[in-house]
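Written below as structure tokens is the structure these notes are about.
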Amino acid sequence: MTRAPRPVDVLVIGGGQAGLAAGYYLRRAQADFVILDAYGAPGGAWQHAWPSLRLFSPAQYSSLPGRMMPTPPGGGYPGAADTVAYLADYEQRYQLPIVRPVTVHAVRRGGEHLLVDTHAGTWQARQVISATGTWSRPYVPYYPGIADFRGQQMHTGGYRGPEPFHGRRVVVVGGANSGAQILADVSTVADTTWVTLRPPRLLPDEVDGRALFTLATRRTRGADGVGSLGDIVAVPPVRQARDRGVLKAQPMFDRITSTGITWPDGTGLDCDAIIWCTGFRPALGHLAPLRLRGPDGLIPVEGTRAAGEPRLHLLGYGDWTGPASATLIGASRTARDTVAEIMAATSTSNQPP
Ligand code: FAD
């Protein structure tokens, strides 16, 4: 027998930092809501990060609404495990109604509701917030010969620490924070070569995620923004790598062979492993039935509301859904504005005619 869809006013897909920030404001607004999360445990993407990963802001600037992240023992920048502990405590503290593990396969239109299909049945919601992040969609660019390489290839998403690369020749691809931090980590045990599309830009030591957030906010108002300062935050392991002289980047290769990489001038380098720190794409597959994607693969939004579906909001993912919305510090503001908009819409639709 098929079960009738479970009704709820607001359904949040994803229980990472963006989903929790939404949950905080929904709880405060006394909304009828549920959060469905595909993972079996709290922490979102942070539970998959490598142990040496450091946040690019101190704890007090990496906090969700209502509760400050504790400074880690010994001070400094929190790590991935600190962040998982903080998020686990956060959802407990605010008694957020999270159901896990529940994977959403599809969101589709059903009259005046959106229907949310999962392996645990269907929910029927007036409003949906999608906050599924990017971790499940690693991106590796295509280079000729990539399938012929006989060594090991790995993406940031699969990196768990330097141990498997001990004594090996490793090429690290990518000039942003993950590339710099993984290079710093793996270069403690391996012979590394750093390859980047553009010359990497290391921020001055005193500039961290706080300044990036301010700049991201200004950028949406038309100023030069983050790009004018540089990209990589000099967290302590990156500074140490700089001081060891390993942060020297080569330009991008144009071909991969069975034994290594070659540059356009014909020079080559043999290596045992290539680590692709080339980013992620938004995990939006569950929204495909709504047919909202634009030519760039993203969903056009007005604020966080999908331009083609007013009952759907997108939180996190990147600057296209709000300034620094994929960061802990930036998630609060976009979540607050989104919930205010949703509460205004649901209270109007709850009014008798
Ligand atoms: P996620 O954390 O990925 O959470 C998404 C959740 O959605 C997951 O729990 C998942 O189970 C769930 N989900 C996905 N698909 C489905 C589905 N179909 N159905 C149900 N549930 C689903 N960020 C910062 O804020 N500060 C930093 O200092 C910082 N430093 C970083 C340094 C490095 C080197 C890197 C690589 C990243 C850093 N980040 C930092 C970025 C941060 O890791 C991510 O941007 C962040 O985890 C995004 O949060 P989110 O809630 O949007 O997504």
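Note on naming: chains are A, B, ... as they come in the structure tokens, residues start from 1 per chain, ligands start from 1 in the order shown.
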- Message: Taking only C-alpha atoms and all ligand atoms into account, list the residues no farther than 7 Å from ligand 1, as number ranges by chain.
- Response: A: 13-19, 36-39, 42-46, 53-57, 62, 102-105, 131-136, 177-178, 181, 209, 283, 286, 315-317, 326-329
- Among stretch 262-353 of chain A, which residues carry a DSSP assignment of alpha helix (DSSP H), reported as a PyMOL selection string? chain A and resi 328-350
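The nearest approach to A:Thr262 among the residues A:Ala59, A:Ala21, A:Val195, A:Val99, with only C-alpha atoms taken into account, belongs to A:Val195.
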Considering only C-alpha atoms, return as a short mmCIF file (atom, residue, chain, number, x, y, z; two decimals) with C-alpha atoms, in the first residue's frame whatever protein or nucleic-acid residues lie within 10 Å of A:Ile182, sequence-local ones (same chain, fewer than 3 positions apart) excluded.
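Heads up, here's the output in out-v9.cif:
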```cif
data_model
loop_
_atom_site.label_atom_id
_atom_site.label_comp_id
_atom_site.auth_asym_id
_atom_site.auth_seq_id
_atom_site.Cartn_x
_atom_site.Cartn_y
_atom_site.Cartn_z
CA TRP A 50 41.14 15.49 5.90
CA SER A 52 44.88 18.73 8.83
CA LEU A 53 42.26 20.95 7.09
CA THR A 156 40.14 16.63 -2.91
CA TYR A 159 41.95 12.95 0.27
CA ARG A 160 42.25 11.71 3.87
CA GLY A 161 45.85 12.62 4.71
CA PRO A 162 49.44 12.34 3.45
CA VAL A 172 48.94 18.65 -6.89
CA VAL A 173 46.62 20.50 -9.31
CA GLY A 174 44.74 23.64 -8.25
CA ASN A 177 42.65 26.95 -0.63
CA SER A 178 42.20 23.19 -0.94
CA GLY A 179 45.16 22.92 -3.37
CA ASP A 185 50.10 18.52 3.94
CA VAL A 186 51.40 16.05 1.37
CA SER A 187 54.73 17.86 0.91
CA PRO A 237 50.24 24.83 7.72
CA VAL A 238 50.29 26.91 4.50
CA ILE A 275 45.73 15.00 -6.74
CA TRP A 276 43.02 17.12 -8.38
CA CYS A 277 42.08 20.06 -6.12
#
```
- Find the residues around A:Ala234 up to 10 Å (only C-alpha atoms counted), leave out those fewer than 4 positions away in its own chain, and share them as a ChimeraX atom specification. /A:56,177,180-181,202-208,238-242
- Task: Could you pull out the residues in stretch 144-222 of chain A that DSSP calls strand (DSSP E) from the backbone, as a PyMOL selection string?
- Result: chain A and resi 152-155+169-173+191-196
- Report the distance between atom CA of A:Pro97 and atom CA of A:Ala81 in Å, rounded to one decimal place. 22.8 Å
- For A:Gln47: contacts at 9 Å, only C-alpha atoms, fewer than 6 positions along chain excluded, given as a list in words: Ala41, Ala80, Ala81, Thr83 and Val84 of chain A
Requested write-out: N, CA and C atoms of the selected residues, as a tab-separated table (two decimals), in the first residue's frame:
```
chain	number	residue	atom	x	y	z
A	41	ALA	N	25.28	10.87	9.99
A	41	ALA	CA	25.76	11.56	11.19
A	41	ALA	C	25.81	13.06	10.94
A	80	ALA	N	38.63	20.42	10.90
A	80	ALA	CA	37.39	19.79	10.45
A	80	ALA	C	36.68	19.10	11.61
A	81	ALA	N	37.43	18.40	12.48
A	81	ALA	CA	36.80	17.68	13.59
A	81	ALA	C	36.14	18.66	14.57
A	83	THR	N	34.82	21.44	13.77
A	83	THR	CA	33.61	21.93	13.11
A	83	THR	C	32.50	20.90	13.18
A	84	VAL	N	32.84	19.63	12.99
A	84	VAL	CA	31.83	18.57	13.11
A	84	VAL	C	31.24	18.57	14.53
```
- Would you mind listing what lies within 10 Å of A:Thr346 as a PyMOL selection string, with only C-alpha atoms counted and same-chain residues fewer than 5 positions away left out? chain A and resi 9-10+31+126-127+311+341+351
Can I get the selected residues back with N, CA and C atoms, as a PDB file, in the first residue's frame?
```
ATOM      1  N   ASP A   9       4.958  22.355   6.419  1.00  0.00           N
ATOM      2  CA  ASP A   9       4.992  23.681   5.772  1.00  0.00           C
ATOM      3  C   ASP A   9       6.302  23.903   5.023  1.00  0.00           C
ATOM      4  N   VAL A  10       7.431  23.672   5.743  1.00  0.00           N
ATOM      5  CA  VAL A  10       8.735  23.945   5.118  1.00  0.00           C
ATOM      6  C   VAL A  10       9.605  22.707   5.244  1.00  0.00           C
ATOM      7  N   ALA A  31       8.034  27.759  12.978  1.00  0.00           N
ATOM      8  CA  ALA A  31       7.502  27.166  11.742  1.00  0.00           C
ATOM      9  C   ALA A  31       7.289  25.669  11.920  1.00  0.00           C
ATOM     10  N   ARG A 126       4.856  23.084   1.529  1.00  0.00           N
ATOM     11  CA  ARG A 126       4.475  24.361   0.895  1.00  0.00           C
ATOM     12  C   ARG A 126       5.703  25.055   0.331  1.00  0.00           C
ATOM     13  N   GLN A 127       6.821  24.925   1.052  1.00  0.00           N
ATOM     14  CA  GLN A 127       8.066  25.587   0.656  1.00  0.00           C
ATOM     15  C   GLN A 127       9.212  24.598   0.865  1.00  0.00           C
ATOM     16  N   ARG A 311       8.323  28.545  -4.753  1.00  0.00           N
ATOM     17  CA  ARG A 311       8.263  27.753  -3.518  1.00  0.00           C
ATOM     18  C   ARG A 311       9.604  27.081  -3.198  1.00  0.00           C
ATOM     19  N   GLU A 341      11.453  35.577   4.234  1.00  0.00           N
ATOM     20  CA  GLU A 341      10.656  35.584   2.996  1.00  0.00           C
ATOM     21  C   GLU A 341       9.644  34.428   2.991  1.00  0.00           C
ATOM     22  N   GLN A 351      -3.835  32.350   5.051  1.00  0.00           N
ATOM     23  CA  GLN A 351      -4.986  33.217   5.329  1.00  0.00           C
ATOM     24  C   GLN A 351      -6.248  32.660   4.658  1.00  0.00           C
TER      25      GLN A 351
END
```
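With only C-alpha atoms as the atoms that count, the minimum distance from A:Gly145 to the choices A:Ala340, A:Ile274, A:Ile256, A:Val301 is reached by A:Ile256.
The space between atom CA of A:Val34 and atom CA of A:Met69 spans 23.9 Å.
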- Could you pull the residues within 12 Å of A:Thr122, counting only C-alpha atoms, minus those fewer than 2 positions along the same chain, as a ChimeraX atom specification? /A:2-8,11,36,102-108,110,113-120,124-125
Generate the output file for the selected residues, C-alpha atoms, as a CSV table (one decimal), in the first residue's frame.
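Result file follows (out02.csv):
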```csv
chain,number,residue,atom,x,y,z
A,2,THR,CA,1.4,3.4,-0.9
A,3,ARG,CA,1.6,5.8,2.0
A,4,ALA,CA,0.1,9.3,1.6
A,5,PRO,CA,2.7,12.1,1.4
A,6,ARG,CA,3.6,13.6,4.8
A,7,PRO,CA,2.5,17.2,5.0
A,8,VAL,CA,4.8,19.9,6.3
A,11,LEU,CA,11.1,21.1,4.2
A,36,LEU,CA,16.1,15.6,5.7
A,102,VAL,CA,17.2,10.2,4.2
A,103,THR,CA,18.3,10.9,0.6
A,104,VAL,CA,16.0,13.1,-1.5
A,105,HIS,CA,15.8,11.7,-5.1
A,106,ALA,CA,13.4,14.2,-6.6
A,107,VAL,CA,11.4,17.4,-6.0
A,108,ARG,CA,8.4,17.8,-8.2
A,110,GLY,CA,2.0,18.6,-7.1
A,113,HIS,CA,2.6,21.8,-3.0
A,114,LEU,CA,6.0,20.6,-3.8
A,115,LEU,CA,6.4,16.8,-3.5
A,116,VAL,CA,9.7,15.6,-2.1
A,117,ASP,CA,10.5,12.0,-3.0
A,118,THR,CA,12.9,10.0,-0.8
A,119,HIS,CA,13.7,6.3,-0.3
A,120,ALA,CA,11.7,6.7,3.0
A,124,GLN,CA,4.4,17.3,0.7
A,125,ALA,CA,5.7,20.8,1.5
```
